[in-house]
Amino acid sequence: MKVECMICPRRCLLGDGQTGFCGARKNIGGTVACDNYGKVTSLALDPIEKKPLKMFYPGAFVLSAGSYGCNMRCPFCQNHSISMPKEPLALMHVPPATLVEEALRLKPKGNIGIAYTYNEPLVGYEYVMDCARLAHSNGLKNIAVTNGNVEEGPLAELLPYIDAMNIDLKSFSSKYYEKLGGCLETVKRAISLAAGKTHVEVTNLIIPDENDSPDEMAALSTWLSEISDEIPLHVSRSFPCYKYAGRPPAKVDAVYDLAAVARKRLRHVYTGNC
């Protein structure tokens with residue numbers, strides 16, 4: 001019998017032993033759960049500004065953990081080797097208790113908690129939830145860096161344990177989101193829900209000739225300001241990567257111009273990678 005995965009709007013129907021589109025969630029004995037539980041591909045102590053978070057404990061560090069898998073297919077993905085792996089990965093077994101112990105050990109080095117990042121963390125929902133609960137009970141901060149392509153129910157259950165989020169709002173075009181394998185309305189709902197519960201910053205990565213029109217930025221920033229004009233927006237410059245490796249990077253002037261459009265509506269707009 002097939003079982004429906006409830007984490008993202010794809011709602012994959014999975015037969016016994018079958019893995020979903022994300023490559024991380026699997027029907028195991030009639031229950032869909034993350035097959036990447038505790039399987040870590042990347043672990044590093046990062047400046048919090050790298051997430052990017054500008055207005056949440058600036059100057060601090062955060063233990064950043066990533067696994068594998070993603071429920072979108074961005075052709076410009078900077079972490080495609082773990083989000084959409086084509087070859088076997090070198091994996092570290094890091095159960096929640098071990099991750100939290102490492103985060104606590106790093107507190108003297110300025111670490112404030114754990115960031116779930118690098119790949120799409122919420123395809124490993126059960127692992128993130130277990131780690132976040134344990135970290136929270138030990139006085140650590142939890143940060144989720146996500147594409148926001150997550151259903152409202154799971155997100156609402158997780159939010160009480162999340163202290164900050166960076167959500168990637170890739171475009172303000174539903175057609176463009178379909179091209180990337182995501183759902184704009186789902187991401188908008190995630191931003192709205194999270195902004196009412198925790199600290200949220202939003203990233204818009206500028207891809208030349210894809211999502212770089214002033215009109216689109218005006219619509220995006222207007223919508224964001226209607227939630228709160230205090231939400232920080234990171235307007236970031238893209239560089240050629242993955243299937244877009246042969247393309248030019250976003251122009252610095254274009255990024256600055258789009259940031260200026262956003263500043264007409266938002267109080268905290270930052271430019272990244274310029």
# chains A, B, ... in the order shown; residues from 1 in each chain; ligands from 1
>>> residues_around(residues="A:Leu43", least_positions_apart="6", cutoff="9 Å", atoms="only C-alpha atoms", output="PyMOL selection string")
chain A and resi 63-66
>>> residues_around(residues="stretch 212-220 of chain A", least_positions_apart="2", cutoff="7 Å", atoms="only C-alpha atoms", output="list in words")
Phe172, Ile206, Ile207, Pro208, Asp209, Glu210, Thr222, Trp223, Leu224, Leu258, Val261 and Ala262 of chain A
>>> closest_atom_pairs(of="stretch 90-173 of chain A", to="stretch 186-202 of chain A", cutoff="7 Å", atoms="only C-alpha atoms", output="Markdown table")
| residue | atom | partner | partner_atom | distance |
| --- | --- | --- | --- | --- |
| A:Gly148 | CA | A:Val187 | CA | 4.8 |
| A:Asn149 | CA | A:Val187 | CA | 5.2 |
| A:Val150 | CA | A:Thr186 | CA | 6.7 |
| A:Glu151 | CA | A:Thr186 | CA | 6.9 |
| A:Glu152 | CA | A:Ala190 | CA | 6.7 |
| A:Leu159 | CA | A:Lys197 | CA | 6.8 |
| A:Ile162 | CA | A:Thr198 | CA | 6.9 |
| A:Asp163 | CA | A:Thr198 | CA | 5.7 |
| A:Ala164 | CA | A:His199 | CA | 4.5 |
| A:Met165 | CA | A:Val200 | CA | 4.9 |
| A:Asn166 | CA | A:Glu201 | CA | 4.8 |
| A:Ile167 | CA | A:Val202 | CA | 4.9 |
| A:Asp168 | CA | A:Val202 | CA | 5.8 |
| A:Leu169 | CA | A:Val202 | CA | 6.5 |
>>> residues_around(residues="A:Pro75", least_positions_apart="2", cutoff="8 Å", atoms="only C-alpha atoms", output="PyMOL selection string")
chain A and resi 73+77+180+241-244
>>> write_last_selection(atoms="all heavy atoms", output="PDB file, in the first residue's frame")
ATOM      1  N   ARG A  73      14.503  21.604  -7.598  1.00  0.00           N
ATOM      2  CA  ARG A  73      15.531  21.269  -8.574  1.00  0.00           C
ATOM      3  C   ARG A  73      16.056  22.534  -9.228  1.00  0.00           C
ATOM      4  O   ARG A  73      15.908  22.740 -10.435  1.00  0.00           O
ATOM      5  CB  ARG A  73      14.977  20.295  -9.628  1.00  0.00           C
ATOM      6  CG  ARG A  73      14.694  18.902  -9.118  1.00  0.00           C
ATOM      7  CD  ARG A  73      15.970  18.182  -8.716  1.00  0.00           C
ATOM      8  NE  ARG A  73      15.727  16.827  -8.246  1.00  0.00           N
ATOM      9  CZ  ARG A  73      15.518  16.509  -6.976  1.00  0.00           C
ATOM     10  NH1 ARG A  73      15.524  17.453  -6.041  1.00  0.00           N
ATOM     11  NH2 ARG A  73      15.308  15.252  -6.626  1.00  0.00           N
ATOM     12  N   CYS A  77      21.901  25.548  -8.388  1.00  0.00           N
ATOM     13  CA  CYS A  77      22.168  25.184  -6.997  1.00  0.00           C
ATOM     14  C   CYS A  77      23.668  25.146  -6.695  1.00  0.00           C
ATOM     15  O   CYS A  77      24.439  24.471  -7.385  1.00  0.00           O
ATOM     16  CB  CYS A  77      21.545  23.833  -6.680  1.00  0.00           C
ATOM     17  SG  CYS A  77      21.791  23.315  -4.963  1.00  0.00           S
ATOM     18  N   LEU A 180      11.345  25.546 -11.143  1.00  0.00           N
ATOM     19  CA  LEU A 180      12.310  25.097 -10.135  1.00  0.00           C
ATOM     20  C   LEU A 180      11.802  23.906  -9.319  1.00  0.00           C
ATOM     21  O   LEU A 180      12.539  23.366  -8.498  1.00  0.00           O
ATOM     22  CB  LEU A 180      12.646  26.250  -9.184  1.00  0.00           C
ATOM     23  CG  LEU A 180      13.197  27.529  -9.818  1.00  0.00           C
ATOM     24  CD1 LEU A 180      13.522  28.558  -8.734  1.00  0.00           C
ATOM     25  CD2 LEU A 180      14.434  27.240 -10.667  1.00  0.00           C
ATOM     26  N   CYS A 241      26.921  28.246 -11.675  1.00  0.00           N
ATOM     27  CA  CYS A 241      27.051  26.997 -10.934  1.00  0.00           C
ATOM     28  C   CYS A 241      26.129  25.941 -11.524  1.00  0.00           C
ATOM     29  O   CYS A 241      25.100  26.260 -12.131  1.00  0.00           O
ATOM     30  CB  CYS A 241      26.707  27.233  -9.460  1.00  0.00           C
ATOM     31  SG  CYS A 241      27.235  25.903  -8.372  1.00  0.00           S
ATOM     32  N   TYR A 242      26.502  24.683 -11.368  1.00  0.00           N
ATOM     33  CA  TYR A 242      25.696  23.533 -11.740  1.00  0.00           C
ATOM     34  C   TYR A 242      25.289  23.642 -13.218  1.00  0.00           C
ATOM     35  O   TYR A 242      26.146  23.809 -14.076  1.00  0.00           O
ATOM     36  CB  TYR A 242      24.513  23.431 -10.793  1.00  0.00           C
ATOM     37  CG  TYR A 242      23.704  22.145 -10.867  1.00  0.00           C
ATOM     38  CD1 TYR A 242      24.313  20.916 -11.119  1.00  0.00           C
ATOM     39  CD2 TYR A 242      22.326  22.147 -10.670  1.00  0.00           C
ATOM     40  CE1 TYR A 242      23.575  19.745 -11.181  1.00  0.00           C
ATOM     41  CE2 TYR A 242      21.580  20.976 -10.724  1.00  0.00           C
ATOM     42  CZ  TYR A 242      22.208  19.782 -10.985  1.00  0.00           C
ATOM     43  OH  TYR A 242      21.471  18.628 -11.053  1.00  0.00           O
ATOM     44  N   LYS A 243      24.012  23.569 -13.540  1.00  0.00           N
ATOM     45  CA  LYS A 243      23.584  23.601 -14.943  1.00  0.00           C
ATOM     46  C   LYS A 243      23.716  24.986 -15.565  1.00  0.00           C
ATOM     47  O   LYS A 243      23.623  25.129 -16.787  1.00  0.00           O
ATOM     48  CB  LYS A 243      22.147  23.100 -15.058  1.00  0.00           C
ATOM     49  CG  LYS A 243      21.988  21.631 -14.705  1.00  0.00           C
ATOM     50  CD  LYS A 243      20.555  21.164 -14.872  1.00  0.00           C
ATOM     51  CE  LYS A 243      20.423  19.683 -14.553  1.00  0.00           C
ATOM     52  NZ  LYS A 243      19.026  19.191 -14.717  1.00  0.00           N
ATOM     53  N   TYR A 244      23.914  25.999 -14.724  1.00  0.00           N
ATOM     54  CA  TYR A 244      24.103  27.359 -15.227  1.00  0.00           C
ATOM     55  C   TYR A 244      25.576  27.749 -15.234  1.00  0.00           C
ATOM     56  O   TYR A 244      25.920  28.940 -15.274  1.00  0.00           O
ATOM     57  CB  TYR A 244      23.323  28.345 -14.361  1.00  0.00           C
ATOM     58  CG  TYR A 244      21.831  28.403 -14.647  1.00  0.00           C
ATOM     59  CD1 TYR A 244      21.217  27.467 -15.461  1.00  0.00           C
ATOM     60  CD2 TYR A 244      21.047  29.402 -14.097  1.00  0.00           C
ATOM     61  CE1 TYR A 244      19.858  27.511 -15.722  1.00  0.00           C
ATOM     62  CE2 TYR A 244      19.677  29.457 -14.356  1.00  0.00           C
ATOM     63  CZ  TYR A 244      19.093  28.509 -15.163  1.00  0.00           C
ATOM     64  OH  TYR A 244      17.745  28.559 -15.417  1.00  0.00           O
TER      65      TYR A 244
END
>>> residues_around(residues="A:Gly30", least_positions_apart="2", cutoff="8 Å", atoms="only C-alpha atoms", output="list of chain:residue names")
A:Met1, A:Lys2, A:Val3, A:Asp16, A:Asn27, A:Ile28, A:Val32
>>> write_last_selection(atoms="N, CA, C and O atoms", output="PDB file, in the first residue's frame")
ATOM      1  N   MET A   1       0.840  -1.197   0.000  1.00  0.00           N
ATOM      2  CA  MET A   1       0.000   0.000   0.000  1.00  0.00           C
ATOM      3  C   MET A   1       0.879   1.253   0.000  1.00  0.00           C
ATOM      4  O   MET A   1       1.863   1.328   0.733  1.00  0.00           O
ATOM      5  N   LYS A   2       0.510   2.218  -0.805  1.00  0.00           N
ATOM      6  CA  LYS A   2       1.272   3.459  -0.876  1.00  0.00           C
ATOM      7  C   LYS A   2       0.881   4.404   0.264  1.00  0.00           C
ATOM      8  O   LYS A   2      -0.262   4.424   0.703  1.00  0.00           O
ATOM      9  N   VAL A   3       1.873   5.178   0.713  1.00  0.00           N
ATOM     10  CA  VAL A   3       1.670   6.136   1.801  1.00  0.00           C
ATOM     11  C   VAL A   3       2.068   7.513   1.304  1.00  0.00           C
ATOM     12  O   VAL A   3       3.063   7.676   0.591  1.00  0.00           O
ATOM     13  N   ASP A  16       6.116   0.653  -0.434  1.00  0.00           N
ATOM     14  CA  ASP A  16       7.042   0.169   0.586  1.00  0.00           C
ATOM     15  C   ASP A  16       8.473   0.164   0.048  1.00  0.00           C
ATOM     16  O   ASP A  16       8.752  -0.385  -1.013  1.00  0.00           O
ATOM     17  N   ASN A  27       9.356   5.415   2.366  1.00  0.00           N
ATOM     18  CA  ASN A  27       8.337   4.586   3.012  1.00  0.00           C
ATOM     19  C   ASN A  27       9.043   3.395   3.661  1.00  0.00           C
ATOM     20  O   ASN A  27       9.530   2.496   2.977  1.00  0.00           O
ATOM     21  N   ILE A  28       9.093   3.434   4.979  1.00  0.00           N
ATOM     22  CA  ILE A  28       9.759   2.378   5.744  1.00  0.00           C
ATOM     23  C   ILE A  28       8.705   1.671   6.581  1.00  0.00           C
ATOM     24  O   ILE A  28       8.230   2.190   7.590  1.00  0.00           O
ATOM     25  N   VAL A  32       6.228   7.069   6.292  1.00  0.00           N
ATOM     26  CA  VAL A  32       7.194   7.883   5.569  1.00  0.00           C
ATOM     27  C   VAL A  32       8.011   8.681   6.576  1.00  0.00           C
ATOM     28  O   VAL A  32       7.464   9.416   7.410  1.00  0.00           O
TER      29      VAL A  32
END
>>> select_by_dssp(residues="stretch 34-165 of chain A", states="strand (DSSP E or B)", output="number ranges by chain")
A: 34, 39-40, 42-47, 61-66, 92-93, 111-116, 141-146, 164-165
>>> select_by_dssp(residues="stretch 37-229 of chain A", states="helix (DSSP H, G or I)", output="VMD selection string")
chain A and resid 48 to 50 80 to 83 96 to 105 107 to 109 121 to 137 152 to 161 174 to 180 184 to 195 214 to 227
>>> residues_around(residues="A:Leu140", least_positions_apart="3", cutoff="12 Å", atoms="only C-alpha atoms", output="ChimeraX atom specification")
/A:61-63,99-107,110-115,131-137,143,161-164
>>> write_last_selection(atoms="N, CA and C atoms", output="PDB file, in the first residue's frame")
ATOM      1  N   PHE A  61      28.789  32.798  16.244  1.00  0.00           N
ATOM      2  CA  PHE A  61      29.025  31.646  15.383  1.00  0.00           C
ATOM      3  C   PHE A  61      27.937  30.609  15.643  1.00  0.00           C
ATOM      4  N   VAL A  62      27.760  29.723  14.663  1.00  0.00           N
ATOM      5  CA  VAL A  62      26.750  28.678  14.815  1.00  0.00           C
ATOM      6  C   VAL A  62      27.265  27.389  14.175  1.00  0.00           C
ATOM      7  N   LEU A  63      27.071  26.273  14.878  1.00  0.00           N
ATOM      8  CA  LEU A  63      27.451  24.976  14.340  1.00  0.00           C
ATOM      9  C   LEU A  63      26.454  24.606  13.242  1.00  0.00           C
ATOM     10  N   LEU A  99      25.291  15.693  18.100  1.00  0.00           N
ATOM     11  CA  LEU A  99      25.297  17.039  17.526  1.00  0.00           C
ATOM     12  C   LEU A  99      25.160  18.091  18.614  1.00  0.00           C
ATOM     13  N   VAL A 100      24.274  17.866  19.547  1.00  0.00           N
ATOM     14  CA  VAL A 100      24.084  18.820  20.643  1.00  0.00           C
ATOM     15  C   VAL A 100      25.322  18.880  21.529  1.00  0.00           C
ATOM     16  N   GLU A 101      25.942  17.748  21.805  1.00  0.00           N
ATOM     17  CA  GLU A 101      27.175  17.745  22.597  1.00  0.00           C
ATOM     18  C   GLU A 101      28.267  18.561  21.918  1.00  0.00           C
ATOM     19  N   GLU A 102      28.378  18.428  20.597  1.00  0.00           N
ATOM     20  CA  GLU A 102      29.378  19.202  19.865  1.00  0.00           C
ATOM     21  C   GLU A 102      29.055  20.690  19.908  1.00  0.00           C
ATOM     22  N   ALA A 103      27.791  21.042  19.784  1.00  0.00           N
ATOM     23  CA  ALA A 103      27.393  22.455  19.863  1.00  0.00           C
ATOM     24  C   ALA A 103      27.726  23.037  21.231  1.00  0.00           C
ATOM     25  N   LEU A 104      27.482  22.282  22.279  1.00  0.00           N
ATOM     26  CA  LEU A 104      27.807  22.746  23.635  1.00  0.00           C
ATOM     27  C   LEU A 104      29.319  22.876  23.815  1.00  0.00           C
ATOM     28  N   ARG A 105      30.069  21.945  23.254  1.00  0.00           N
ATOM     29  CA  ARG A 105      31.531  21.989  23.370  1.00  0.00           C
ATOM     30  C   ARG A 105      32.104  23.244  22.720  1.00  0.00           C
ATOM     31  N   LEU A 106      31.434  23.725  21.681  1.00  0.00           N
ATOM     32  CA  LEU A 106      31.933  24.877  20.931  1.00  0.00           C
ATOM     33  C   LEU A 106      31.466  26.222  21.488  1.00  0.00           C
ATOM     34  N   LYS A 107      30.703  26.222  22.553  1.00  0.00           N
ATOM     35  CA  LYS A 107      30.235  27.494  23.122  1.00  0.00           C
ATOM     36  C   LYS A 107      31.380  28.442  23.473  1.00  0.00           C
ATOM     37  N   GLY A 110      32.301  30.869  20.787  1.00  0.00           N
ATOM     38  CA  GLY A 110      31.274  31.801  20.320  1.00  0.00           C
ATOM     39  C   GLY A 110      30.056  31.154  19.732  1.00  0.00           C
ATOM     40  N   ASN A 111      29.973  29.804  19.789  1.00  0.00           N
ATOM     41  CA  ASN A 111      28.822  29.122  19.214  1.00  0.00           C
ATOM     42  C   ASN A 111      27.561  29.340  20.039  1.00  0.00           C
ATOM     43  N   ILE A 112      26.458  29.691  19.357  1.00  0.00           N
ATOM     44  CA  ILE A 112      25.196  29.911  20.069  1.00  0.00           C
ATOM     45  C   ILE A 112      24.201  28.780  19.855  1.00  0.00           C
ATOM     46  N   GLY A 113      24.508  27.856  18.934  1.00  0.00           N
ATOM     47  CA  GLY A 113      23.534  26.792  18.703  1.00  0.00           C
ATOM     48  C   GLY A 113      23.819  25.998  17.453  1.00  0.00           C
ATOM     49  N   ILE A 114      22.754  25.574  16.787  1.00  0.00           N
ATOM     50  CA  ILE A 114      22.846  24.703  15.621  1.00  0.00           C
ATOM     51  C   ILE A 114      22.047  25.305  14.469  1.00  0.00           C
ATOM     52  N   ALA A 115      22.646  25.311  13.274  1.00  0.00           N
ATOM     53  CA  ALA A 115      21.944  25.699  12.050  1.00  0.00           C
ATOM     54  C   ALA A 115      21.774  24.466  11.175  1.00  0.00           C
ATOM     55  N   CYS A 131      16.725  17.002  16.948  1.00  0.00           N
ATOM     56  CA  CYS A 131      17.880  17.826  17.322  1.00  0.00           C
ATOM     57  C   CYS A 131      17.437  19.153  17.934  1.00  0.00           C
ATOM     58  N   ALA A 132      16.438  19.781  17.316  1.00  0.00           N
ATOM     59  CA  ALA A 132      15.976  21.087  17.780  1.00  0.00           C
ATOM     60  C   ALA A 132      15.397  21.006  19.189  1.00  0.00           C
ATOM     61  N   ARG A 133      14.620  19.977  19.455  1.00  0.00           N
ATOM     62  CA  ARG A 133      14.061  19.809  20.795  1.00  0.00           C
ATOM     63  C   ARG A 133      15.166  19.644  21.837  1.00  0.00           C
ATOM     64  N   LEU A 134      16.146  18.800  21.514  1.00  0.00           N
ATOM     65  CA  LEU A 134      17.230  18.542  22.458  1.00  0.00           C
ATOM     66  C   LEU A 134      18.104  19.781  22.635  1.00  0.00           C
ATOM     67  N   ALA A 135      18.390  20.467  21.547  1.00  0.00           N
ATOM     68  CA  ALA A 135      19.176  21.701  21.632  1.00  0.00           C
ATOM     69  C   ALA A 135      18.451  22.752  22.457  1.00  0.00           C
ATOM     70  N   HIS A 136      17.156  22.890  22.208  1.00  0.00           N
ATOM     71  CA  HIS A 136      16.333  23.864  22.944  1.00  0.00           C
ATOM     72  C   HIS A 136      16.373  23.587  24.451  1.00  0.00           C
ATOM     73  N   SER A 137      16.280  22.322  24.825  1.00  0.00           N
ATOM     74  CA  SER A 137      16.286  21.963  26.252  1.00  0.00           C
ATOM     75  C   SER A 137      17.646  22.199  26.885  1.00  0.00           C
ATOM     76  N   ILE A 143      18.534  27.281  14.251  1.00  0.00           N
ATOM     77  CA  ILE A 143      18.364  28.091  13.049  1.00  0.00           C
ATOM     78  C   ILE A 143      18.081  27.160  11.863  1.00  0.00           C
ATOM     79  N   TYR A 161      10.474  25.425  18.384  1.00  0.00           N
ATOM     80  CA  TYR A 161      11.858  25.096  18.729  1.00  0.00           C
ATOM     81  C   TYR A 161      12.873  25.842  17.866  1.00  0.00           C
ATOM     82  N   ILE A 162      12.384  26.660  16.929  1.00  0.00           N
ATOM     83  CA  ILE A 162      13.263  27.375  16.009  1.00  0.00           C
ATOM     84  C   ILE A 162      13.343  28.846  16.421  1.00  0.00           C
ATOM     85  N   ASP A 163      14.577  29.323  16.592  1.00  0.00           N
ATOM     86  CA  ASP A 163      14.795  30.693  17.049  1.00  0.00           C
ATOM     87  C   ASP A 163      14.980  31.679  15.902  1.00  0.00           C
ATOM     88  N   ALA A 164      15.405  31.183  14.756  1.00  0.00           N
ATOM     89  CA  ALA A 164      15.586  32.059  13.593  1.00  0.00           C
ATOM     90  C   ALA A 164      15.547  31.225  12.329  1.00  0.00           C
TER      91      ALA A 164
END
>>> closest_residue(among="A:Lys109, A:His268, A:Lys86, A:Lys251", to="A:Ser228", atoms="only C-alpha atoms")
A:His268
>>> residues_around(residues="A:Asp253", least_positions_apart="2", cutoff="12 Å", atoms="only C-alpha atoms", output="NGL selection string")
:A and (206 or 208 or 212 or 235-237 or 249-251 or 255-260 or 271 or 274)
>>> write_last_selection(atoms="C-alpha atoms", output="short mmCIF file (atom, residue, chain, number, x, y, z; two decimals), in the first residue's frame")
data_model
loop_
_atom_site.label_atom_id
_atom_site.label_comp_id
_atom_site.auth_asym_id
_atom_site.auth_seq_id
_atom_site.Cartn_x
_atom_site.Cartn_y
_atom_site.Cartn_z
CA ILE A 206 19.33 37.21 -8.38
CA PRO A 208 20.18 37.17 -14.71
CA ASP A 212 15.85 40.23 -12.00
CA VAL A 235 19.37 40.59 -2.30
CA SER A 236 22.20 38.29 -3.31
CA ARG A 237 24.37 38.10 -6.40
CA PRO A 249 27.21 36.08 -12.85
CA ALA A 250 24.61 38.61 -11.88
CA LYS A 251 25.87 42.13 -12.46
CA VAL A 255 21.91 43.76 -7.59
CA TYR A 256 22.37 47.25 -6.15
CA ASP A 257 19.55 48.62 -8.32
CA LEU A 258 17.17 45.86 -7.19
CA ALA A 259 18.12 46.45 -3.56
CA ALA A 260 17.25 50.12 -4.04
CA THR A 271 23.32 43.01 -0.73
CA CYS A 274 28.93 41.83 -4.29
#
>>> residues_around(residues="A:Ser67", least_positions_apart="6", cutoff="6 Å", atoms="only C-alpha atoms", output="list in words")
Lys39, Val40 and Thr41 of chain A
>>> atom_distance(atom1="atom CA of A:Cys74", atom2="atom CA of A:Met6")
21.6 Å
